[in-house]
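The next block is upload_23.pdb, given as PDB, C-alpha atoms and all ligand atoms.
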```pdb
MODEL        1
ATOM      1  CA  MET A 100      62.362 -46.277 -53.697
ATOM      2  CA  THR A 101      60.443 -48.143 -56.393
ATOM      3  CA  MET A 102      61.725 -51.671 -56.724
ATOM      4  CA  THR A 103      61.053 -54.692 -58.842
ATOM      5  CA  VAL A 104      62.104 -58.146 -57.843
ATOM      6  CA  THR A 105      61.751 -61.549 -59.366
ATOM      7  CA  ASN A 106      62.287 -64.495 -57.085
ATOM      8  CA  GLY A 107      60.147 -67.115 -58.773
ATOM      9  CA  GLU A 108      59.862 -68.400 -62.276
ATOM     10  CA  VAL A 109      58.212 -66.112 -64.768
ATOM     11  CA  HIS A 110      55.731 -67.431 -67.299
ATOM     12  CA  PRO A 111      54.148 -65.169 -69.923
ATOM     13  CA  VAL A 112      50.652 -66.591 -69.560
ATOM     14  CA  THR A 113      47.409 -64.876 -68.685
ATOM     15  CA  ALA A 114      45.991 -65.699 -65.269
ATOM     16  CA  ASN A 115      42.280 -65.711 -64.461
ATOM     17  CA  GLY A 116      42.462 -62.093 -63.311
ATOM     18  CA  GLY A 117      43.340 -60.993 -66.838
ATOM     19  CA  PHE A 118      46.807 -59.865 -65.824
ATOM     20  CA  THR A 119      49.955 -61.388 -67.252
ATOM     21  CA  ILE A 120      52.066 -63.128 -64.696
ATOM     22  CA  ASP A 121      55.307 -61.505 -65.811
ATOM     23  CA  LYS A 122      53.875 -58.017 -65.147
ATOM     24  CA  PRO A 123      54.929 -56.891 -61.669
ATOM     25  CA  PHE A 124      52.130 -56.728 -59.129
ATOM     26  CA  LYS A 125      51.792 -53.070 -58.132
ATOM     27  CA  ILE A 126      51.759 -52.365 -54.412
ATOM     28  CA  PHE A 127      51.339 -48.885 -52.950
ATOM     29  CA  VAL A 128      52.280 -48.514 -49.293
ATOM     30  CA  GLY A 129      51.068 -45.582 -47.201
ATOM     31  CA  TYR A 130      54.101 -43.653 -45.998
ATOM     32  CA  ASP A 131      54.312 -41.426 -42.929
ATOM     33  CA  PRO A 132      57.599 -39.749 -41.955
ATOM     34  CA  ARG A 133      56.859 -40.532 -38.278
ATOM     35  CA  GLU A 134      56.832 -44.246 -39.139
ATOM     36  CA  ASP A 135      59.645 -44.565 -41.659
ATOM     37  CA  ILE A 136      60.908 -47.760 -40.025
ATOM     38  CA  ALA A 137      57.437 -49.319 -40.234
ATOM     39  CA  TYR A 138      57.442 -48.674 -44.000
ATOM     40  CA  GLU A 139      60.911 -50.181 -44.409
ATOM     41  CA  VAL A 140      59.979 -53.328 -42.492
ATOM     42  CA  CYS A 141      56.642 -53.757 -44.298
ATOM     43  CA  HIS A 142      58.446 -53.370 -47.646
ATOM     44  CA  HIS A 143      61.103 -55.891 -46.593
ATOM     45  CA  SER A 144      58.502 -58.413 -45.386
ATOM     46  CA  ILE A 145      56.695 -58.374 -48.757
ATOM     47  CA  LEU A 146      59.818 -58.600 -50.944
ATOM     48  CA  LYS A 147      61.465 -61.320 -48.920
ATOM     49  CA  ARG A 148      58.524 -63.718 -49.272
ATOM     50  CA  SER A 149      57.281 -62.873 -52.745
ATOM     51  CA  SER A 150      57.502 -65.513 -55.473
ATOM     52  CA  ILE A 151      56.159 -63.082 -58.089
ATOM     53  CA  PRO A 152      57.621 -59.805 -59.368
ATOM     54  CA  VAL A 153      56.280 -56.882 -57.343
ATOM     55  CA  GLU A 154      56.635 -53.132 -57.724
ATOM     56  CA  ILE A 155      56.399 -51.380 -54.359
ATOM     57  CA  THR A 156      55.836 -47.644 -54.265
ATOM     58  CA  PRO A 157      55.469 -45.550 -51.113
ATOM     59  CA  ILE A 158      52.620 -43.027 -51.170
ATOM     60  CA  VAL A 159      54.365 -39.889 -49.914
ATOM     61  CA  GLN A 160      52.063 -36.952 -49.268
ATOM     62  CA  SER A 161      54.721 -34.255 -49.773
ATOM     63  CA  ASP A 162      55.576 -35.694 -53.222
ATOM     64  CA  LEU A 163      51.896 -35.778 -54.209
ATOM     65  CA  ARG A 164      51.540 -32.124 -53.140
ATOM     66  CA  THR A 165      54.594 -31.184 -55.215
ATOM     67  CA  ASN A 166      53.123 -33.014 -58.202
ATOM     68  CA  GLY A 167      49.749 -31.286 -57.857
ATOM     69  CA  LEU A 168      47.856 -34.497 -57.063
ATOM     70  CA  TYR A 169      47.074 -33.656 -53.453
ATOM     71  CA  TRP A 170      46.047 -30.324 -52.006
ATOM     72  CA  ARG A 171      43.492 -30.953 -49.268
ATOM     73  CA  GLU A 172      44.052 -29.397 -45.843
ATOM     74  CA  ARG A 173      45.038 -31.797 -43.121
ATOM     75  CA  GLY A 174      42.062 -32.581 -40.851
ATOM     76  CA  GLN A 175      42.294 -33.260 -37.118
ATOM     77  CA  LEU A 176      40.961 -36.799 -37.472
ATOM     78  CA  GLU A 177      43.697 -37.905 -39.866
ATOM     79  CA  SER A 178      45.956 -40.187 -37.863
ATOM     80  CA  THR A 179      48.455 -40.648 -40.719
ATOM     81  CA  GLU A 180      49.630 -38.727 -43.781
ATOM     82  CA  PHE A 181      48.006 -41.356 -46.008
ATOM     83  CA  SER A 182      44.490 -41.153 -44.530
ATOM     84  CA  PHE A 183      43.178 -39.775 -47.842
ATOM     85  CA  THR A 184      46.067 -40.144 -50.277
ATOM     86  CA  ARG A 185      45.465 -43.937 -50.316
ATOM     87  CA  PHE A 186      42.442 -43.362 -52.523
ATOM     88  CA  LEU A 187      44.728 -42.087 -55.288
ATOM     89  CA  THR A 188      45.814 -45.704 -55.840
ATOM     90  CA  PRO A 189      43.762 -46.271 -59.058
ATOM     91  CA  HIS A 190      44.981 -42.914 -60.415
ATOM     92  CA  LEU A 191      48.611 -43.736 -59.575
ATOM     93  CA  ALA A 192      48.151 -47.068 -61.396
ATOM     94  CA  ASN A 193      46.813 -45.219 -64.474
ATOM     95  CA  TYR A 194      43.359 -46.821 -63.988
ATOM     96  CA  ASP A 195      44.821 -50.004 -65.392
ATOM     97  CA  GLY A 196      45.006 -53.546 -64.005
ATOM     98  CA  TRP A 197      44.951 -54.445 -60.334
ATOM     99  CA  ALA A 198      46.965 -52.693 -57.635
ATOM    100  CA  MET A 199      47.096 -53.055 -53.892
ATOM    101  CA  PHE A 200      47.122 -50.348 -51.268
ATOM    102  CA  VAL A 201      48.343 -51.202 -47.786
ATOM    103  CA  ASP A 202      49.122 -49.182 -44.634
ATOM    104  CA  CYS A 203      52.771 -49.159 -43.544
ATOM    105  CA  ASP A 204      51.910 -50.805 -40.212
ATOM    106  CA  PHE A 205      51.603 -54.289 -41.754
ATOM    107  CA  LEU A 206      54.028 -57.175 -41.407
ATOM    108  CA  TYR A 207      53.711 -59.843 -44.111
ATOM    109  CA  LEU A 208      54.285 -63.451 -43.110
ATOM    110  CA  ALA A 209      53.160 -65.097 -46.363
ATOM    111  CA  ASP A 210      53.825 -64.910 -50.109
ATOM    112  CA  ILE A 211      51.906 -61.997 -51.683
ATOM    113  CA  LYS A 212      51.180 -64.304 -54.630
ATOM    114  CA  GLU A 213      48.618 -66.116 -52.467
ATOM    115  CA  LEU A 214      46.773 -62.821 -52.027
ATOM    116  CA  ARG A 215      47.040 -61.867 -55.682
ATOM    117  CA  ASP A 216      45.626 -65.263 -56.631
ATOM    118  CA  LEU A 217      42.383 -64.345 -54.809
ATOM    119  CA  ILE A 218      41.733 -61.542 -57.303
ATOM    120  CA  ASP A 219      38.400 -61.785 -59.101
ATOM    121  CA  ASP A 220      37.706 -59.355 -61.954
ATOM    122  CA  LYS A 221      34.001 -59.205 -61.150
ATOM    123  CA  TYR A 222      34.750 -56.900 -58.216
ATOM    124  CA  ALA A 223      35.752 -53.218 -58.251
ATOM    125  CA  ILE A 224      37.720 -53.663 -55.045
ATOM    126  CA  MET A 225      38.455 -56.499 -52.623
ATOM    127  CA  CYS A 226      39.323 -56.211 -48.938
ATOM    128  CA  VAL A 227      38.966 -57.799 -45.514
ATOM    129  CA  GLN A 228      35.474 -56.929 -44.321
ATOM    130  CA  HIS A 229      36.049 -56.433 -40.587
ATOM    131  CA  ASP A 230      33.105 -55.962 -38.292
ATOM    132  CA  TYR A 231      34.328 -54.533 -35.000
ATOM    133  CA  THR A 232      34.518 -51.596 -32.616
ATOM    134  CA  PRO A 233      37.970 -50.799 -31.201
ATOM    135  CA  LYS A 234      38.366 -50.650 -27.409
ATOM    136  CA  GLU A 235      40.959 -47.876 -27.333
ATOM    137  CA  ALA A 236      39.981 -44.232 -27.483
ATOM    138  CA  THR A 237      43.381 -43.288 -28.909
ATOM    139  CA  LYS A 238      45.784 -44.940 -31.308
ATOM    140  CA  MET A 239      49.482 -44.742 -32.054
ATOM    141  CA  ASP A 240      51.090 -41.688 -30.468
ATOM    142  CA  GLY A 241      47.894 -40.158 -29.104
ATOM    143  CA  ALA A 242      45.923 -39.451 -32.292
ATOM    144  CA  VAL A 243      42.182 -39.758 -31.680
ATOM    145  CA  GLN A 244      40.612 -43.086 -32.626
ATOM    146  CA  THR A 245      37.353 -42.676 -34.506
ATOM    147  CA  VAL A 246      34.652 -45.310 -34.850
ATOM    148  CA  TYR A 247      32.721 -45.685 -38.078
ATOM    149  CA  PRO A 248      31.158 -48.407 -40.251
ATOM    150  CA  ARG A 249      33.621 -50.405 -42.333
ATOM    151  CA  LYS A 250      36.395 -49.377 -39.957
ATOM    152  CA  ASN A 251      39.751 -50.672 -41.196
ATOM    153  CA  TRP A 252      38.430 -51.908 -44.528
ATOM    154  CA  SER A 253      40.430 -49.268 -46.408
ATOM    155  CA  SER A 254      43.741 -50.211 -44.743
ATOM    156  CA  MET A 255      44.402 -52.977 -47.273
ATOM    157  CA  VAL A 256      42.532 -52.873 -50.552
ATOM    158  CA  LEU A 257      42.982 -54.641 -53.853
ATOM    159  CA  TYR A 258      41.820 -52.122 -56.459
ATOM    160  CA  ASN A 259      40.564 -53.191 -59.863
ATOM    161  CA  CYS A 260      41.980 -49.956 -61.248
ATOM    162  CA  GLY A 261      40.547 -50.504 -64.727
ATOM    163  CA  HIS A 262      37.001 -51.049 -63.392
ATOM    164  CA  PRO A 263      34.713 -48.302 -64.750
ATOM    165  CA  LYS A 264      33.313 -47.524 -61.272
ATOM    166  CA  ASN A 265      36.780 -46.628 -59.975
ATOM    167  CA  LYS A 266      37.131 -43.841 -62.556
ATOM    168  CA  VAL A 267      35.217 -41.843 -59.903
ATOM    169  CA  LEU A 268      38.406 -41.671 -57.852
ATOM    170  CA  THR A 269      39.947 -38.689 -59.595
ATOM    171  CA  PRO A 270      42.398 -36.458 -57.696
ATOM    172  CA  GLU A 271      39.576 -33.869 -57.536
ATOM    173  CA  VAL A 272      37.268 -36.327 -55.746
ATOM    174  CA  VAL A 273      40.005 -37.633 -53.424
ATOM    175  CA  ASN A 274      40.808 -34.042 -52.445
ATOM    176  CA  THR A 275      37.253 -32.901 -51.818
ATOM    177  CA  GLN A 276      35.102 -35.863 -50.738
ATOM    178  CA  THR A 277      34.337 -36.662 -47.101
ATOM    179  CA  GLY A 278      36.120 -39.300 -45.063
ATOM    180  CA  ALA A 279      32.863 -41.257 -44.874
ATOM    181  CA  PHE A 280      32.442 -41.325 -48.673
ATOM    182  CA  LEU A 281      35.979 -42.539 -49.229
ATOM    183  CA  HIS A 282      36.599 -44.884 -46.284
ATOM    184  CA  ARG A 283      33.163 -46.528 -46.639
ATOM    185  CA  PHE A 284      33.588 -46.936 -50.424
ATOM    186  CA  GLN A 285      30.340 -45.068 -51.095
ATOM    187  CA  TRP A 286      31.129 -44.848 -54.817
ATOM    188  CA  LEU A 287      30.454 -48.598 -54.965
ATOM    189  CA  GLU A 288      27.502 -50.940 -54.448
ATOM    190  CA  ASP A 289      27.973 -53.593 -51.742
ATOM    191  CA  GLU A 290      28.141 -56.407 -54.310
ATOM    192  CA  GLU A 291      31.039 -54.688 -56.066
ATOM    193  CA  ILE A 292      33.207 -55.179 -52.964
ATOM    194  CA  GLY A 293      34.863 -58.598 -52.785
ATOM    195  CA  SER A 294      35.822 -60.272 -49.534
ATOM    196  CA  ILE A 295      39.327 -61.410 -48.524
ATOM    197  CA  PRO A 296      39.984 -63.763 -45.552
ATOM    198  CA  PHE A 297      40.741 -61.774 -42.377
ATOM    199  CA  VAL A 298      44.196 -63.328 -42.009
ATOM    200  CA  TRP A 299      45.393 -60.893 -44.710
ATOM    201  CA  ASN A 300      44.551 -57.943 -42.431
ATOM    202  CA  PHE A 301      44.928 -59.579 -39.038
ATOM    203  CA  LEU A 302      44.231 -56.860 -36.491
ATOM    204  CA  GLU A 303      46.680 -57.026 -33.600
ATOM    205  CA  GLY A 304      44.764 -56.777 -30.332
ATOM    206  CA  HIS A 305      41.485 -57.806 -31.942
ATOM    207  CA  ASN A 306      41.772 -60.889 -34.136
ATOM    208  CA  LYS A 307      42.826 -64.091 -32.408
ATOM    209  CA  VAL A 308      44.697 -67.212 -33.475
ATOM    210  CA  VAL A 309      42.786 -70.420 -32.713
ATOM    211  CA  GLU A 310      45.217 -73.197 -31.866
ATOM    212  CA  GLY A 311      45.260 -75.891 -34.525
ATOM    213  CA  ASP A 312      43.059 -73.896 -36.913
ATOM    214  CA  THR A 313      45.322 -72.828 -39.783
ATOM    215  CA  THR A 314      42.597 -70.596 -41.257
ATOM    216  CA  THR A 315      43.227 -68.234 -38.297
ATOM    217  CA  PHE A 316      47.017 -68.024 -38.675
ATOM    218  CA  PRO A 317      47.954 -64.478 -39.760
ATOM    219  CA  LYS A 318      49.361 -63.947 -43.250
ATOM    220  CA  ALA A 319      49.715 -60.220 -42.644
ATOM    221  CA  ILE A 320      49.652 -58.662 -39.181
ATOM    222  CA  HIS A 321      48.194 -55.168 -38.960
ATOM    223  CA  TYR A 322      49.528 -53.256 -35.944
ATOM    224  CA  THR A 323      46.540 -50.951 -36.126
ATOM    225  CA  ARG A 324      46.779 -49.698 -32.534
ATOM    226  CA  GLY A 325      50.461 -48.845 -32.992
ATOM    227  CA  GLY A 326      53.387 -51.220 -33.438
ATOM    228  CA  PRO A 327      56.659 -51.955 -31.613
ATOM    229  CA  TRP A 328      58.294 -48.943 -33.326
ATOM    230  CA  PHE A 329      56.368 -46.845 -30.779
ATOM    231  CA  GLU A 330      57.560 -47.015 -27.163
ATOM    232  CA  ALA A 331      54.007 -47.552 -25.882
ATOM    233  CA  TRP A 332      53.490 -50.624 -28.090
ATOM    234  CA  LYS A 333      56.884 -52.309 -27.836
ATOM    235  CA  ASN A 334      55.318 -55.264 -25.991
ATOM    236  CA  CYS A 335      52.204 -55.661 -28.129
ATOM    237  CA  GLU A 336      51.142 -59.017 -29.480
ATOM    238  CA  PHE A 337      53.435 -60.279 -32.293
ATOM    239  CA  ALA A 338      56.005 -57.588 -31.338
ATOM    240  CA  GLU A 339      58.819 -60.147 -31.511
ATOM    241  CA  LEU A 340      57.997 -61.007 -35.142
ATOM    242  CA  TRP A 341      58.186 -57.367 -36.189
ATOM    243  CA  LEU A 342      61.400 -56.767 -34.209
ATOM    244  CA  LYS A 343      63.038 -59.822 -35.800
ATOM    245  CA  GLU A 344      62.102 -58.564 -39.267
ATOM    246  CA  LYS A 345      63.435 -55.108 -38.407
ATOM    247  CA  ASP A 346      66.805 -56.542 -37.325
ATOM    248  CA  GLU A 347      67.082 -58.425 -40.626
ATOM    249  CA  CYS A 348      66.073 -55.335 -42.552
ATOM    250  CA  VAL A 349      68.644 -53.107 -40.802
ATOM    251  CA  LYS A 350      71.391 -55.718 -41.260
ATOM    252  CA  GLU A 351      70.714 -56.019 -44.989
ATOM    253  CA  GLU A 352      70.719 -52.242 -45.405
ATOM    254  CA  LYS A 353      74.212 -52.036 -43.907
ATOM    255  CA  LYS A 354      75.594 -54.517 -46.449
TER     256      LYS A 354
HETATM  257 MN    MN A 401      47.117 -49.125 -39.995
ENDMDL
END
```
What would the structure in this file look like if it were written as structure tokens?
Amino acid sequence: MTMTVTNGEVHPVTANGGFTIDKPFKIFVGYDPREDIAYEVCHHSILKRSSIPVEITPIVQSDLRTNGLYWRERGQLESTEFSFTRFLTPHLANYDGWAMFVDCDFLYLADIKELRDLIDDKYAIMCVQHDYTPKEATKMDGAVQTVYPRKNWSSMVLYNCGHPKNKVLTPEVVNTQTGAFLHRFQWLEDEEIGSIPFVWNFLEGHNKVVEGDTTTFPKAIHYTRGGPWFEAWKNCEFAELWLKEKDECVKEEKK
């Protein structure tokens, strides 16, 4: 399912992030068999709008187990199959360059180049630094919602995979460390975590668009409570945008 696409012009120059522009931007998407359609639509929404070459790879837990990279027992608080596997991103990118991890329940509305252009090599990771407490006690199809500091920060992360601090994230550590250590980025100092505008991880049901204020218009919607692919969330906010993208996606697959 790995794919590379080039829509825009390619120039072999070095950008400020130290990466060459003709190298595809690596994107790892958390995959869960219960949400296959969410993955397909997320993938479609990135590719369709990207003006730079991207390489999108699903993080599939069963494949990682087969390859000996993942062996931890599934815990009761894991709402998806990628709860922990996401932290293998730097390893999967060979601890080289920048790579993005994103949950499958995202819908991109903007060019991923705009996000990549925010990359700053002085950070070990960059993400949207949400500060909130969810109202719901459960999420998606009944999995328990847990509340903890830095909630949702790990759902979309730009990893500076070559940063020495991220060498900590070996398969051994990802398989044995606590959820708190990993999801709160406890291998890093606060100043090593860069901040991305919230519109790149716009939480459906929490973040709000302010009329006339373009800085609040979502560039990526995160259906964190569950998206329209679940019966219970088919009328959630921005459901029509996801459903429209899904129709396009299904149509193109049939061709
Ligand atoms: Mn999510």
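Nearest residue to ligand MN 401 (chain A) among A:Ile158, A:Leu268, A:Leu302, A:Val153 is A:Leu302, counting all atoms listed in the file.
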Practice task
Between atom CA of A:Tyr138 and atom CA of A:Cys203, measure the distance and give it in Å to one decimal.
Solution key: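 It comes out at 4.7 Å.
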Handout entry: Site check for ligand MN 401 (chain A): residues at most 7 Å away, all atoms listed in the file, as a list in words
Key =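 Those within range of ligand MN 401 (chain A) are Asp202, Cys203, Asp204, Ser254, His321, Tyr322 and Thr323 of chain A.
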Handout entry: Test item: residues at most 12 Å from A:Tyr169, all atoms listed in the file, excluding those fewer than 2 positions along its chain, as number ranges by chain
Key = A: 158-167, 171-173, 180-187, 190-191, 269-275
Practice task
Considering only C-alpha atoms, state which residue in the set A:Lys318, A:Cys141, A:Trp286, A:Phe280 is at the smallest distance from A:Phe205.
Solution key: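 Among the listed residues, the smallest separation from A:Phe205 belongs to A:Cys141.
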Practice task
Just give me the gap between atom CA of A:Thr314 and atom CA of A:Thr156 in Å, one decimal is fine.
Solution key: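 Atom CA of A:Thr156 lies 29.5 Å from atom CA of A:Thr314.
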I'd like the residues picked by the PyMOL selection byres (((chain A and resi 332-348) around 9) and not hetatm) written out as a PDB file with C-alpha atoms, in the coordinates of the input, using the chain letters and numbers from the file.
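This went into part_28.pdb:
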```pdb
ATOM      1  CA  ILE A 136      60.908 -47.760 -40.025  1.00  0.00           C
ATOM      2  CA  ALA A 137      57.437 -49.319 -40.234  1.00  0.00           C
ATOM      3  CA  GLU A 139      60.911 -50.181 -44.409  1.00  0.00           C
ATOM      4  CA  VAL A 140      59.979 -53.328 -42.492  1.00  0.00           C
ATOM      5  CA  CYS A 141      56.642 -53.757 -44.298  1.00  0.00           C
ATOM      6  CA  HIS A 143      61.103 -55.891 -46.593  1.00  0.00           C
ATOM      7  CA  SER A 144      58.502 -58.413 -45.386  1.00  0.00           C
ATOM      8  CA  LEU A 206      54.028 -57.175 -41.407  1.00  0.00           C
ATOM      9  CA  MET A 239      49.482 -44.742 -32.054  1.00  0.00           C
ATOM     10  CA  GLU A 303      46.680 -57.026 -33.600  1.00  0.00           C
ATOM     11  CA  GLY A 304      44.764 -56.777 -30.332  1.00  0.00           C
ATOM     12  CA  ILE A 320      49.652 -58.662 -39.181  1.00  0.00           C
ATOM     13  CA  TYR A 322      49.528 -53.256 -35.944  1.00  0.00           C
ATOM     14  CA  ARG A 324      46.779 -49.698 -32.534  1.00  0.00           C
ATOM     15  CA  GLY A 325      50.461 -48.845 -32.992  1.00  0.00           C
ATOM     16  CA  GLY A 326      53.387 -51.220 -33.438  1.00  0.00           C
ATOM     17  CA  PRO A 327      56.659 -51.955 -31.613  1.00  0.00           C
ATOM     18  CA  TRP A 328      58.294 -48.943 -33.326  1.00  0.00           C
ATOM     19  CA  PHE A 329      56.368 -46.845 -30.779  1.00  0.00           C
ATOM     20  CA  GLU A 330      57.560 -47.015 -27.163  1.00  0.00           C
ATOM     21  CA  ALA A 331      54.007 -47.552 -25.882  1.00  0.00           C
ATOM     22  CA  VAL A 349      68.644 -53.107 -40.802  1.00  0.00           C
ATOM     23  CA  LYS A 350      71.391 -55.718 -41.260  1.00  0.00           C
ATOM     24  CA  GLU A 351      70.714 -56.019 -44.989  1.00  0.00           C
ATOM     25  CA  GLU A 352      70.719 -52.242 -45.405  1.00  0.00           C
ATOM     26  CA  LYS A 353      74.212 -52.036 -43.907  1.00  0.00           C
TER      27      LYS A 353
END
```
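Going from atom CA of A:Asp216 over to atom CA of A:Lys125, you cover 13.7 Å.
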Handout entry: Residues near stretch 217-228 of chain A, cut-off 6 Å, only C-alpha atoms, skip fewer than 2 positions along chain, as an MDAnalysis selection string
Key = chainID A and resid 116 214:215 252 256:259 262 291:295 297
Practice task
Select, from A:Gln285, A:Thr315, A:Asn193, A:Thr188, the residue with the minimum atom-to-atom distance to A:Phe127, counting all atoms listed in the file.
Solution key: A:Thr188
Handout entry: Resolved residues for the PyMOL selection byres (((chain A and resi 317) around 8) and not hetatm) as a list of chain:residue names
Key =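 When the PyMOL selection byres (((chain A and resi 317) around 8) and not hetatm) is applied to the shown file, the picked residues are A:Leu208, A:Val298, A:Trp299, A:Asn300, A:Phe301, A:Val308, A:Thr315, A:Phe316, A:Lys318, A:Ala319, A:Ile320.
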